[in-house]
$ cat data-v4.pdb   # PDB, C-alpha atoms
MODEL        1
ATOM      1  CA  MET A   1     165.371 256.555 -41.932
ATOM      2  CA  THR A   2     163.080 256.074 -44.953
ATOM      3  CA  ASP A   3     160.368 258.598 -45.859
ATOM      4  CA  THR A   4     157.653 255.968 -46.225
ATOM      5  CA  PRO A   5     157.461 253.249 -43.557
ATOM      6  CA  ARG A   6     158.338 249.867 -44.972
ATOM      7  CA  TRP A   7     157.245 247.797 -41.978
ATOM      8  CA  LYS A   8     154.430 247.968 -39.431
ATOM      9  CA  VAL A   9     155.044 246.794 -35.839
ATOM     10  CA  LEU A  10     152.021 246.084 -33.636
ATOM     11  CA  VAL A  11     152.544 246.889 -29.938
ATOM     12  CA  THR A  12     149.921 244.930 -28.002
ATOM     13  CA  ASP A  13     150.388 246.608 -24.607
ATOM     14  CA  ILE A  14     152.940 248.493 -22.518
ATOM     15  CA  ALA A  15     153.577 249.231 -18.843
ATOM     16  CA  TRP A  16     155.324 252.580 -19.342
ATOM     17  CA  PRO A  17     154.270 256.057 -20.486
ATOM     18  CA  SER A  18     155.813 256.214 -23.950
ATOM     19  CA  THR A  19     156.946 254.094 -26.892
ATOM     20  CA  GLU A  20     159.338 256.768 -28.150
ATOM     21  CA  PRO A  21     162.511 254.686 -27.559
ATOM     22  CA  GLU A  22     161.102 251.755 -29.546
ATOM     23  CA  ALA A  23     159.852 254.053 -32.281
ATOM     24  CA  ALA A  24     163.297 255.601 -32.674
ATOM     25  CA  VAL A  25     165.024 252.211 -32.955
ATOM     26  CA  LEU A  26     162.509 250.853 -35.454
ATOM     27  CA  ALA A  27     162.358 254.031 -37.536
ATOM     28  CA  ARG A  28     166.008 253.469 -38.448
ATOM     29  CA  VAL A  29     164.985 250.342 -40.399
ATOM     30  CA  GLY A  30     161.868 251.940 -41.882
ATOM     31  CA  ALA A  31     159.298 250.617 -39.403
ATOM     32  CA  VAL A  32     156.420 252.414 -37.720
ATOM     33  CA  LEU A  33     154.589 251.450 -34.509
ATOM     34  CA  VAL A  34     150.868 250.853 -34.140
ATOM     35  CA  VAL A  35     149.867 250.674 -30.471
ATOM     36  CA  ALA A  36     146.749 248.682 -29.548
ATOM     37  CA  ASP A  37     144.191 250.329 -27.292
ATOM     38  CA  THR A  38     143.134 247.354 -25.152
ATOM     39  CA  GLY A  39     145.345 244.404 -26.066
ATOM     40  CA  LYS A  40     142.273 242.147 -26.246
ATOM     41  CA  GLU A  41     142.306 239.324 -28.761
ATOM     42  CA  SER A  42     139.477 240.787 -30.849
ATOM     43  CA  GLU A  43     141.444 243.996 -31.316
ATOM     44  CA  LEU A  44     144.728 242.225 -32.015
ATOM     45  CA  LEU A  45     143.065 240.027 -34.644
ATOM     46  CA  GLU A  46     142.139 243.168 -36.538
ATOM     47  CA  PHE A  47     145.434 245.034 -36.136
ATOM     48  CA  VAL A  48     147.701 242.074 -36.884
ATOM     49  CA  ARG A  49     146.404 241.521 -40.418
ATOM     50  CA  ASP A  50     148.808 244.036 -41.924
ATOM     51  CA  ALA A  51     151.519 243.852 -39.246
ATOM     52  CA  ASP A  52     155.044 242.688 -40.039
ATOM     53  CA  ALA A  53     155.991 242.243 -36.381
ATOM     54  CA  ILE A  54     154.534 242.178 -32.880
ATOM     55  CA  LEU A  55     155.957 243.596 -29.670
ATOM     56  CA  THR A  56     154.109 242.381 -26.579
ATOM     57  CA  CYS A  57     154.399 242.896 -22.840
ATOM     58  CA  TRP A  58     151.682 241.006 -20.932
ATOM     59  CA  ALA A  59     148.881 240.687 -23.504
ATOM     60  CA  THR A  60     148.147 237.203 -24.782
ATOM     61  CA  VAL A  61     149.410 236.599 -28.307
ATOM     62  CA  SER A  62     147.292 233.570 -29.098
ATOM     63  CA  ALA A  63     147.590 231.040 -31.893
ATOM     64  CA  ALA A  64     144.620 232.753 -33.561
ATOM     65  CA  VAL A  65     146.361 236.128 -33.490
ATOM     66  CA  ILE A  66     149.562 234.655 -34.899
ATOM     67  CA  GLY A  67     147.665 232.806 -37.605
ATOM     68  CA  ALA A  68     145.874 235.993 -38.640
ATOM     69  CA  GLY A  69     149.179 237.801 -39.118
ATOM     70  CA  THR A  70     149.913 236.652 -42.656
ATOM     71  CA  ARG A  71     152.779 239.162 -42.946
ATOM     72  CA  LEU A  72     154.346 238.428 -39.566
ATOM     73  CA  GLN A  73     158.117 238.069 -39.582
ATOM     74  CA  VAL A  74     158.894 238.222 -35.858
ATOM     75  CA  ILE A  75     157.217 238.369 -32.449
ATOM     76  CA  GLY A  76     159.176 240.182 -29.736
ATOM     77  CA  ARG A  77     158.532 239.974 -26.010
ATOM     78  CA  TYR A  78     159.162 242.900 -23.697
ATOM     79  CA  GLY A  79     160.689 240.662 -21.028
ATOM     80  CA  ILE A  80     162.099 237.244 -20.312
ATOM     81  CA  GLY A  81     159.203 234.786 -20.058
ATOM     82  CA  VAL A  82     157.167 233.944 -23.156
ATOM     83  CA  ASP A  83     154.244 232.107 -21.558
ATOM     84  CA  ASN A  84     151.811 234.711 -22.948
ATOM     85  CA  ILE A  85     152.848 233.868 -26.523
ATOM     86  CA  ALA A  86     151.720 230.780 -28.456
ATOM     87  CA  VAL A  87     155.324 229.862 -29.237
ATOM     88  CA  ALA A  88     154.398 226.459 -30.675
ATOM     89  CA  GLU A  89     152.177 228.109 -33.286
ATOM     90  CA  ALA A  90     154.842 230.677 -34.099
ATOM     91  CA  THR A  91     157.349 227.869 -34.528
ATOM     92  CA  ARG A  92     154.964 225.940 -36.783
ATOM     93  CA  LEU A  93     154.707 229.018 -38.984
ATOM     94  CA  CYS A  94     158.497 229.599 -38.883
ATOM     95  CA  ILE A  95     158.156 232.897 -37.041
ATOM     96  CA  PRO A  96     160.996 233.640 -34.607
ATOM     97  CA  VAL A  97     159.998 234.687 -31.077
ATOM     98  CA  THR A  98     162.497 236.927 -29.349
ATOM     99  CA  ASN A  99     162.852 237.970 -25.725
ATOM    100  CA  VAL A 100     165.172 240.011 -23.514
ATOM    101  CA  PRO A 101     166.805 237.614 -21.045
ATOM    102  CA  ALA A 102     169.564 239.997 -19.955
ATOM    103  CA  TYR A 103     167.553 242.852 -18.465
ATOM    104  CA  CYS A 104     166.332 243.591 -14.901
ATOM    105  CA  LEU A 105     168.772 241.136 -13.300
ATOM    106  CA  ASP A 106     169.694 243.694 -10.674
ATOM    107  CA  GLU A 107     166.118 244.821 -10.109
ATOM    108  CA  VAL A 108     164.581 241.372  -9.611
ATOM    109  CA  SER A 109     167.421 240.071  -7.472
ATOM    110  CA  GLU A 110     167.264 243.244  -5.353
ATOM    111  CA  HIS A 111     163.498 242.826  -4.975
ATOM    112  CA  VAL A 112     163.944 239.211  -3.899
ATOM    113  CA  MET A 113     166.426 240.245  -1.247
ATOM    114  CA  ALA A 114     164.114 243.050  -0.108
ATOM    115  CA  LEU A 115     161.237 240.579   0.337
ATOM    116  CA  LEU A 116     163.490 238.008   1.992
ATOM    117  CA  LEU A 117     164.899 240.488   4.496
ATOM    118  CA  ALA A 118     161.497 242.040   5.189
ATOM    119  CA  LEU A 119     160.036 238.593   5.898
ATOM    120  CA  GLY A 120     162.933 237.448   8.038
ATOM    121  CA  ARG A 121     163.037 240.672  10.072
ATOM    122  CA  GLN A 122     159.194 240.980  10.129
ATOM    123  CA  VAL A 123     159.505 244.555   8.909
ATOM    124  CA  CYS A 124     155.905 244.907   7.724
ATOM    125  CA  GLN A 125     154.409 243.499  10.938
ATOM    126  CA  TYR A 126     156.462 245.885  13.073
ATOM    127  CA  ASP A 127     155.556 248.791  10.815
ATOM    128  CA  ARG A 128     151.830 248.107  11.214
ATOM    129  CA  ARG A 129     152.097 247.778  14.976
ATOM    130  CA  VAL A 130     154.073 250.960  15.435
ATOM    131  CA  ARG A 131     151.469 252.858  13.412
ATOM    132  CA  GLU A 132     148.847 251.459  15.811
ATOM    133  CA  GLY A 133     150.835 252.668  18.803
ATOM    134  CA  ASN A 134     152.178 249.242  19.734
ATOM    135  CA  TRP A 135     155.917 249.360  20.434
ATOM    136  CA  ASP A 136     156.183 245.943  22.142
ATOM    137  CA  VAL A 137     158.839 243.903  20.305
ATOM    138  CA  ARG A 138     157.859 240.747  22.186
ATOM    139  CA  GLU A 139     154.617 240.159  20.297
ATOM    140  CA  SER A 140     156.352 238.837  17.199
ATOM    141  CA  ALA A 141     157.572 235.312  16.767
ATOM    142  CA  PRO A 142     161.268 234.912  17.581
ATOM    143  CA  LEU A 143     163.518 236.572  15.034
ATOM    144  CA  HIS A 144     166.538 234.692  13.777
ATOM    145  CA  ARG A 145     169.770 235.873  12.227
ATOM    146  CA  ILE A 146     169.674 235.585   8.430
ATOM    147  CA  ARG A 147     173.420 235.092   8.070
ATOM    148  CA  GLY A 148     173.971 231.343   8.146
ATOM    149  CA  CYS A 149     170.453 230.512   6.962
ATOM    150  CA  THR A 150     169.882 228.374   3.863
ATOM    151  CA  LEU A 151     168.372 229.859   0.723
ATOM    152  CA  GLY A 152     166.922 227.495  -1.868
ATOM    153  CA  ILE A 153     166.814 228.829  -5.435
ATOM    154  CA  ILE A 154     164.419 227.117  -7.850
ATOM    155  CA  GLY A 155     165.691 227.903 -11.345
ATOM    156  CA  PHE A 156     169.337 228.937 -11.560
ATOM    157  CA  GLY A 157     169.354 231.100 -14.659
ATOM    158  CA  ARG A 158     170.616 234.656 -14.890
ATOM    159  CA  ILE A 159     168.285 235.997 -12.193
ATOM    160  CA  GLY A 160     168.690 232.999  -9.912
ATOM    161  CA  GLY A 161     172.454 233.405 -10.197
ATOM    162  CA  ALA A 162     172.209 237.125  -9.387
ATOM    163  CA  VAL A 163     170.177 236.307  -6.276
ATOM    164  CA  ALA A 164     172.807 233.749  -5.257
ATOM    165  CA  THR A 165     175.565 236.364  -5.500
ATOM    166  CA  LYS A 166     173.673 238.780  -3.250
ATOM    167  CA  ALA A 167     172.655 236.090  -0.762
ATOM    168  CA  CYS A 168     176.212 234.765  -0.522
ATOM    169  CA  ALA A 169     177.368 238.295   0.251
ATOM    170  CA  ILE A 170     175.264 238.358   3.424
ATOM    171  CA  GLY A 171     176.465 234.929   4.484
ATOM    172  CA  MET A 172     173.667 232.633   3.373
ATOM    173  CA  ARG A 173     174.189 229.018   2.316
ATOM    174  CA  ILE A 174     172.779 228.403  -1.174
ATOM    175  CA  LEU A 175     171.037 225.324  -2.560
ATOM    176  CA  ALA A 176     169.908 225.281  -6.181
ATOM    177  CA  PHE A 177     167.430 223.155  -8.115
ATOM    178  CA  ASP A 178     167.706 223.362 -11.884
ATOM    179  CA  PRO A 179     167.427 220.153 -13.915
ATOM    180  CA  HIS A 180     168.880 221.888 -16.966
ATOM    181  CA  LEU A 181     172.224 222.844 -15.427
ATOM    182  CA  ASP A 182     175.272 220.731 -14.656
ATOM    183  CA  ALA A 183     176.299 220.648 -11.008
ATOM    184  CA  LYS A 184     179.696 222.143 -11.891
ATOM    185  CA  VAL A 185     178.039 225.323 -13.201
ATOM    186  CA  ILE A 186     176.181 225.757  -9.928
ATOM    187  CA  GLU A 187     179.162 224.834  -7.759
ATOM    188  CA  ALA A 188     181.241 227.476  -9.557
ATOM    189  CA  ARG A 189     178.906 230.034  -7.936
ATOM    190  CA  LYS A 190     179.630 228.562  -4.478
ATOM    191  CA  CYS A 191     176.230 226.862  -4.422
ATOM    192  CA  ARG A 192     175.158 223.208  -4.207
ATOM    193  CA  LYS A 193     172.906 221.488  -6.733
ATOM    194  CA  VAL A 194     170.179 219.378  -5.107
ATOM    195  CA  ASP A 195     166.852 217.850  -6.063
ATOM    196  CA  LEU A 196     163.676 219.795  -5.341
ATOM    197  CA  ASP A 197     162.660 217.774  -2.288
ATOM    198  CA  THR A 198     166.052 218.261  -0.642
ATOM    199  CA  LEU A 199     165.924 221.973  -1.347
ATOM    200  CA  LEU A 200     162.495 222.313   0.218
ATOM    201  CA  ARG A 201     163.385 220.268   3.297
ATOM    202  CA  GLU A 202     166.639 222.081   4.061
ATOM    203  CA  SER A 203     165.885 225.701   3.109
ATOM    204  CA  ASP A 204     164.941 228.481   5.496
ATOM    205  CA  TYR A 205     163.990 230.632   2.506
ATOM    206  CA  VAL A 206     162.895 229.484  -0.957
ATOM    207  CA  THR A 207     162.829 231.750  -4.014
ATOM    208  CA  VAL A 208     161.277 230.818  -7.365
ATOM    209  CA  HIS A 209     162.971 231.731 -10.663
ATOM    210  CA  ALA A 210     161.810 229.034 -13.072
ATOM    211  CA  PRO A 211     159.996 229.876 -16.315
ATOM    212  CA  LEU A 212     156.305 229.024 -16.522
ATOM    213  CA  THR A 213     155.932 225.926 -18.696
ATOM    214  CA  GLU A 214     153.640 222.909 -18.634
ATOM    215  CA  SER A 215     156.208 221.113 -16.460
ATOM    216  CA  THR A 216     156.524 223.960 -13.936
ATOM    217  CA  ARG A 217     152.840 224.921 -13.673
ATOM    218  CA  GLY A 218     151.805 223.987 -10.125
ATOM    219  CA  LEU A 219     155.362 222.850  -9.360
ATOM    220  CA  ILE A 220     154.925 223.866  -5.708
ATOM    221  CA  ASP A 221     151.755 222.224  -4.420
ATOM    222  CA  GLN A 222     150.518 220.795  -1.117
ATOM    223  CA  ARG A 223     153.073 217.986  -1.123
ATOM    224  CA  GLU A 224     155.927 220.440  -1.607
ATOM    225  CA  PHE A 225     154.692 222.819   1.099
ATOM    226  CA  ARG A 226     154.444 219.880   3.499
ATOM    227  CA  LEU A 227     158.165 219.251   2.940
ATOM    228  CA  MET A 228     159.146 222.759   4.003
ATOM    229  CA  LYS A 229     160.057 223.817   7.522
ATOM    230  CA  PRO A 230     157.260 225.514   9.480
ATOM    231  CA  THR A 231     159.738 228.380  10.007
ATOM    232  CA  ALA A 232     160.499 228.740   6.282
ATOM    233  CA  TYR A 233     159.471 231.521   3.909
ATOM    234  CA  ILE A 234     158.785 231.402   0.176
ATOM    235  CA  VAL A 235     159.354 234.242  -2.310
ATOM    236  CA  ASN A 236     157.947 234.277  -5.851
ATOM    237  CA  THR A 237     158.911 236.903  -8.418
ATOM    238  CA  ALA A 238     158.659 234.553 -11.430
ATOM    239  CA  ARG A 239     155.094 233.563 -12.373
ATOM    240  CA  GLY A 240     152.120 233.081 -10.083
ATOM    241  CA  ALA A 241     151.019 229.785 -11.614
ATOM    242  CA  ILE A 242     154.271 228.015 -10.670
ATOM    243  CA  ILE A 243     152.886 227.887  -7.135
ATOM    244  CA  ASP A 244     149.445 226.370  -6.577
ATOM    245  CA  GLN A 245     147.738 229.352  -4.973
ATOM    246  CA  GLU A 246     145.138 227.381  -3.005
ATOM    247  CA  ALA A 247     147.880 225.173  -1.584
ATOM    248  CA  LEU A 248     149.880 228.274  -0.650
ATOM    249  CA  LEU A 249     146.879 229.807   1.095
ATOM    250  CA  ARG A 250     146.330 226.662   3.139
ATOM    251  CA  ALA A 251     150.041 226.363   3.951
ATOM    252  CA  LEU A 252     150.043 229.927   5.297
ATOM    253  CA  GLN A 253     146.749 229.661   7.159
ATOM    254  CA  GLU A 254     147.606 226.345   8.812
ATOM    255  CA  GLY A 255     151.223 227.169   9.618
ATOM    256  CA  TRP A 256     152.944 224.722   7.298
ATOM    257  CA  ILE A 257     155.286 227.609   6.453
ATOM    258  CA  ALA A 258     155.964 230.925   8.165
ATOM    259  CA  GLY A 259     155.191 233.411   5.393
ATOM    260  CA  ALA A 260     155.451 234.458   1.758
ATOM    261  CA  GLY A 261     156.697 237.384  -0.320
ATOM    262  CA  LEU A 262     154.742 237.522  -3.582
ATOM    263  CA  ASP A 263     155.217 239.761  -6.600
ATOM    264  CA  VAL A 264     153.161 237.569  -8.956
ATOM    265  CA  PHE A 265     149.757 235.932  -8.654
ATOM    266  CA  GLU A 266     147.297 233.737 -10.540
ATOM    267  CA  PRO A 267     145.357 235.553 -11.883
ATOM    268  CA  GLU A 268     147.741 238.485 -12.183
ATOM    269  CA  HIS A 269     145.497 240.950 -10.315
ATOM    270  CA  LEU A 270     143.808 239.581  -7.196
ATOM    271  CA  PRO A 271     140.806 241.438  -5.762
ATOM    272  CA  PRO A 272     141.624 243.264  -2.499
ATOM    273  CA  THR A 273     139.292 240.881  -0.646
ATOM    274  CA  HIS A 274     141.256 237.779  -1.697
ATOM    275  CA  PRO A 275     142.185 235.686   1.383
ATOM    276  CA  LEU A 276     145.898 235.774   0.529
ATOM    277  CA  LEU A 277     145.908 239.559   0.790
ATOM    278  CA  GLN A 278     144.312 239.424   4.223
ATOM    279  CA  LEU A 279     147.101 237.390   5.813
ATOM    280  CA  PRO A 280     149.596 239.240   8.034
ATOM    281  CA  ASN A 281     152.406 236.856   7.048
ATOM    282  CA  VAL A 282     152.196 237.773   3.341
ATOM    283  CA  ILE A 283     154.015 240.665   1.689
ATOM    284  CA  ALA A 284     152.432 241.479  -1.678
ATOM    285  CA  THR A 285     153.792 243.715  -4.442
ATOM    286  CA  PRO A 286     152.171 244.416  -7.855
ATOM    287  CA  HIS A 287     154.509 242.561 -10.275
ATOM    288  CA  VAL A 288     157.034 245.341  -9.872
ATOM    289  CA  ALA A 289     160.253 243.378  -9.336
ATOM    290  CA  PHE A 290     161.410 244.116 -12.883
ATOM    291  CA  TYR A 291     160.915 247.849 -12.555
ATOM    292  CA  SER A 292     163.386 250.698 -12.460
ATOM    293  CA  ALA A 293     163.854 253.645 -14.781
ATOM    294  CA  GLU A 294     167.063 252.016 -15.977
ATOM    295  CA  SER A 295     165.569 248.570 -16.580
ATOM    296  CA  LEU A 296     162.632 249.968 -18.563
ATOM    297  CA  ALA A 297     164.998 251.909 -20.796
ATOM    298  CA  ASP A 298     167.022 248.728 -21.391
ATOM    299  CA  LEU A 299     163.877 246.701 -22.033
ATOM    300  CA  GLU A 300     162.354 249.030 -24.592
ATOM    301  CA  LEU A 301     165.569 249.388 -26.554
ATOM    302  CA  MET A 302     166.547 245.708 -26.477
ATOM    303  CA  ALA A 303     163.089 244.411 -27.397
ATOM    304  CA  ALA A 304     162.809 246.866 -30.273
ATOM    305  CA  GLN A 305     166.325 246.043 -31.461
ATOM    306  CA  ASN A 306     165.459 242.330 -31.663
ATOM    307  CA  VAL A 307     162.558 243.127 -33.974
ATOM    308  CA  ALA A 308     164.549 245.663 -35.995
ATOM    309  CA  THR A 309     167.328 243.110 -36.467
ATOM    310  CA  VAL A 310     164.988 240.575 -38.081
ATOM    311  CA  LEU A 311     163.213 243.155 -40.234
ATOM    312  CA  SER A 312     166.565 244.392 -41.525
ATOM    313  CA  GLY A 313     167.684 240.891 -42.542
ATOM    314  CA  HIS A 314     169.887 239.810 -39.643
ATOM    315  CA  ARG A 315     169.765 237.124 -36.959
ATOM    316  CA  PRO A 316     168.444 238.375 -33.624
ATOM    317  CA  LYS A 317     170.625 238.189 -30.529
ATOM    318  CA  TRP A 318     167.992 236.392 -28.461
ATOM    319  CA  VAL A 319     165.452 233.970 -29.917
ATOM    320  CA  VAL A 320     163.534 231.328 -27.958
ATOM    321  CA  ASN A 321     162.797 229.083 -30.957
ATOM    322  CA  PRO A 322     166.093 229.249 -32.883
ATOM    323  CA  GLU A 323     165.245 226.189 -34.955
ATOM    324  CA  VAL A 324     162.946 228.301 -37.148
ATOM    325  CA  LEU A 325     165.945 230.269 -38.425
ATOM    326  CA  ASP A 326     167.084 227.144 -40.280
ATOM    327  CA  ALA A 327     163.964 227.272 -42.465
ATOM    328  CA  PRO A 328     164.378 228.345 -46.126
ATOM    329  CA  ARG A 329     162.346 231.469 -45.319
ATOM    330  CA  TRP A 330     165.286 232.802 -43.322
ATOM    331  CA  ALA A 331     168.127 231.778 -45.611
ATOM    332  CA  HIS A 332     168.799 235.462 -46.327
ATOM    333  CA  LEU A 333     169.559 236.350 -42.690
ATOM    334  CA  THR A 334     173.123 237.270 -41.917
TER     335      THR A 334
ENDMDL
END

$ encode --input "data-v4.pdb" --output "structure tokens"
Amino acid sequence: MTDTPRWKVLVTDIAWPSTEPEAAVLARVGAVLVVADTGKESELLEFVRDADAILTCWATVSAAVIGAGTRLQVIGRYGIGVDNIAVAEATRLCIPVTNVPAYCLDEVSEHVMALLLALGRQVCQYDRRVREGNWDVRESAPLHRIRGCTLGIIGFGRIGGAVATKACAIGMRILAFDPHLDAKVIEARKCRKVDLDTLLRESDYVTVHAPLTESTRGLIDQREFRLMKPTAYIVNTARGAIIDQEALLRALQEGWIAGAGLDVFEPEHLPPTHPLLQLPNVIATPHVAFYSAESLADLELMAAQNVATVLSGHRPKWVVNPEVLDAPRWAHLT
């Protein structure tokens, strides 16, 4: 550790009590953290002027913020998705954007299965009724055995694959839609690659694990909900905007589908009076699927290590725009 910090790392926002793990990792390469108070663009524009790196959780790192960071060498995401970062602008300026694609696989896949099982067994409805003194099991719609049901996975990356493993273990049949993967990769996991329409028509449960991009924004809209079985459930732990929220509300209100388990919304925080949150066939959680004490520890250390790696003159393990590393600016990286 050097006596005088050589680098300054701007932390835009965090969802945990302390940045001590990151600070320890970065101190070893002579970097010090500066933590923003609000994460608003006006504040970030001021703080980024003398920052050598950014670490961001959910705050928006806009093109303006990136452009104002004349010393920026790397932007690191606490997490997998990078839809809150203006990656195109970073790429234009030859700034690598890193993420942590190998964390919270267990947590998110466990949360998906928890939502799926709670929906299928109507756990929340029974809980509410028992608390009201109603012990009549006949008031619910017929329950069906989950073993033997079909689960459709939209996006078959690391998390989608982890969900498939857990769902196979309880005897579910798995369909997968992922235009970026060869069918053999999916079949090796004892799953079948299909197009999106087939997945929606045949699945009893659908779970979303695609990244939010221009091509996936609003991917599930009225047309897609109309393809689903009226007995089917949808689970979303990816990004709220992948599902058209108004279409989802109508599908639930009018019985196009049976219910939904949602950990993400658009916008991120819905008011308690929002119609979606009033529906008895919706289970809502506060974007918590990623969370465990273990996953947060992994996230902080891995995200900080990505940034420390670049600052110390090495190639990061995970970078979402690797083409920038071919620029002359990064010829020194080893």

$ closest_residue --input "data-v4.pdb" --among "A:Phe225, A:Phe265, A:Trp256, A:Tyr205" --to "Ala241 in chain A" --atoms "all atoms listed in the file"
A:Phe265

$ atom_distance --input "data-v4.pdb" --atom1 "CA of Glu20 in chain A" --atom2 "CA of Asp83 in chain A"
26.0 Å

$ atom_distance --input "data-v4.pdb" --atom1 "CA of Pro322 in chain A" --atom2 "CA of Pro96 in chain A"
6.9 Å

$ atom_distance --input "data-v4.pdb" --atom1 "CA of Gly152 in chain A" --atom2 "CA of Arg138 in chain A"
28.9 Å

$ resolve_selection --input "data-v4.pdb" --expression "the PyMOL selection byres ((chain A and resi 291-296) around 12)" --output "ChimeraX atom specification"
/A:14-19,21-22,57,78-79,100-111,237,263,285-290,297-303

$ write_last_selection --input "data-v4.pdb" --atoms "C-alpha atoms" --output "CSV table (one decimal), keeping the file's coordinate frame"
chain,number,residue,atom,x,y,z
A,14,ILE,CA,152.9,248.5,-22.5
A,15,ALA,CA,153.6,249.2,-18.8
A,16,TRP,CA,155.3,252.6,-19.3
A,17,PRO,CA,154.3,256.1,-20.5
A,18,SER,CA,155.8,256.2,-24.0
A,19,THR,CA,156.9,254.1,-26.9
A,21,PRO,CA,162.5,254.7,-27.6
A,22,GLU,CA,161.1,251.8,-29.5
A,57,CYS,CA,154.4,242.9,-22.8
A,78,TYR,CA,159.2,242.9,-23.7
A,79,GLY,CA,160.7,240.7,-21.0
A,100,VAL,CA,165.2,240.0,-23.5
A,101,PRO,CA,166.8,237.6,-21.0
A,102,ALA,CA,169.6,240.0,-20.0
A,103,TYR,CA,167.6,242.9,-18.5
A,104,CYS,CA,166.3,243.6,-14.9
A,105,LEU,CA,168.8,241.1,-13.3
A,106,ASP,CA,169.7,243.7,-10.7
A,107,GLU,CA,166.1,244.8,-10.1
A,108,VAL,CA,164.6,241.4,-9.6
A,109,SER,CA,167.4,240.1,-7.5
A,110,GLU,CA,167.3,243.2,-5.4
A,111,HIS,CA,163.5,242.8,-5.0
A,237,THR,CA,158.9,236.9,-8.4
A,263,ASP,CA,155.2,239.8,-6.6
A,285,THR,CA,153.8,243.7,-4.4
A,286,PRO,CA,152.2,244.4,-7.9
A,287,HIS,CA,154.5,242.6,-10.3
A,288,VAL,CA,157.0,245.3,-9.9
A,289,ALA,CA,160.3,243.4,-9.3
A,290,PHE,CA,161.4,244.1,-12.9
A,297,ALA,CA,165.0,251.9,-20.8
A,298,ASP,CA,167.0,248.7,-21.4
A,299,LEU,CA,163.9,246.7,-22.0
A,300,GLU,CA,162.4,249.0,-24.6
A,301,LEU,CA,165.6,249.4,-26.6
A,302,MET,CA,166.5,245.7,-26.5
A,303,ALA,CA,163.1,244.4,-27.4

$ resolve_selection --input "data-v4.pdb" --expression "the PyMOL selection byres ((chain A and resi 10) around 7)" --output "list of chain:residue names"
A:Lys8, A:Val9, A:Val11, A:Thr12, A:Leu33, A:Val34, A:Val35, A:Val48, A:Ala51, A:Ala53, A:Ile54, A:Leu55
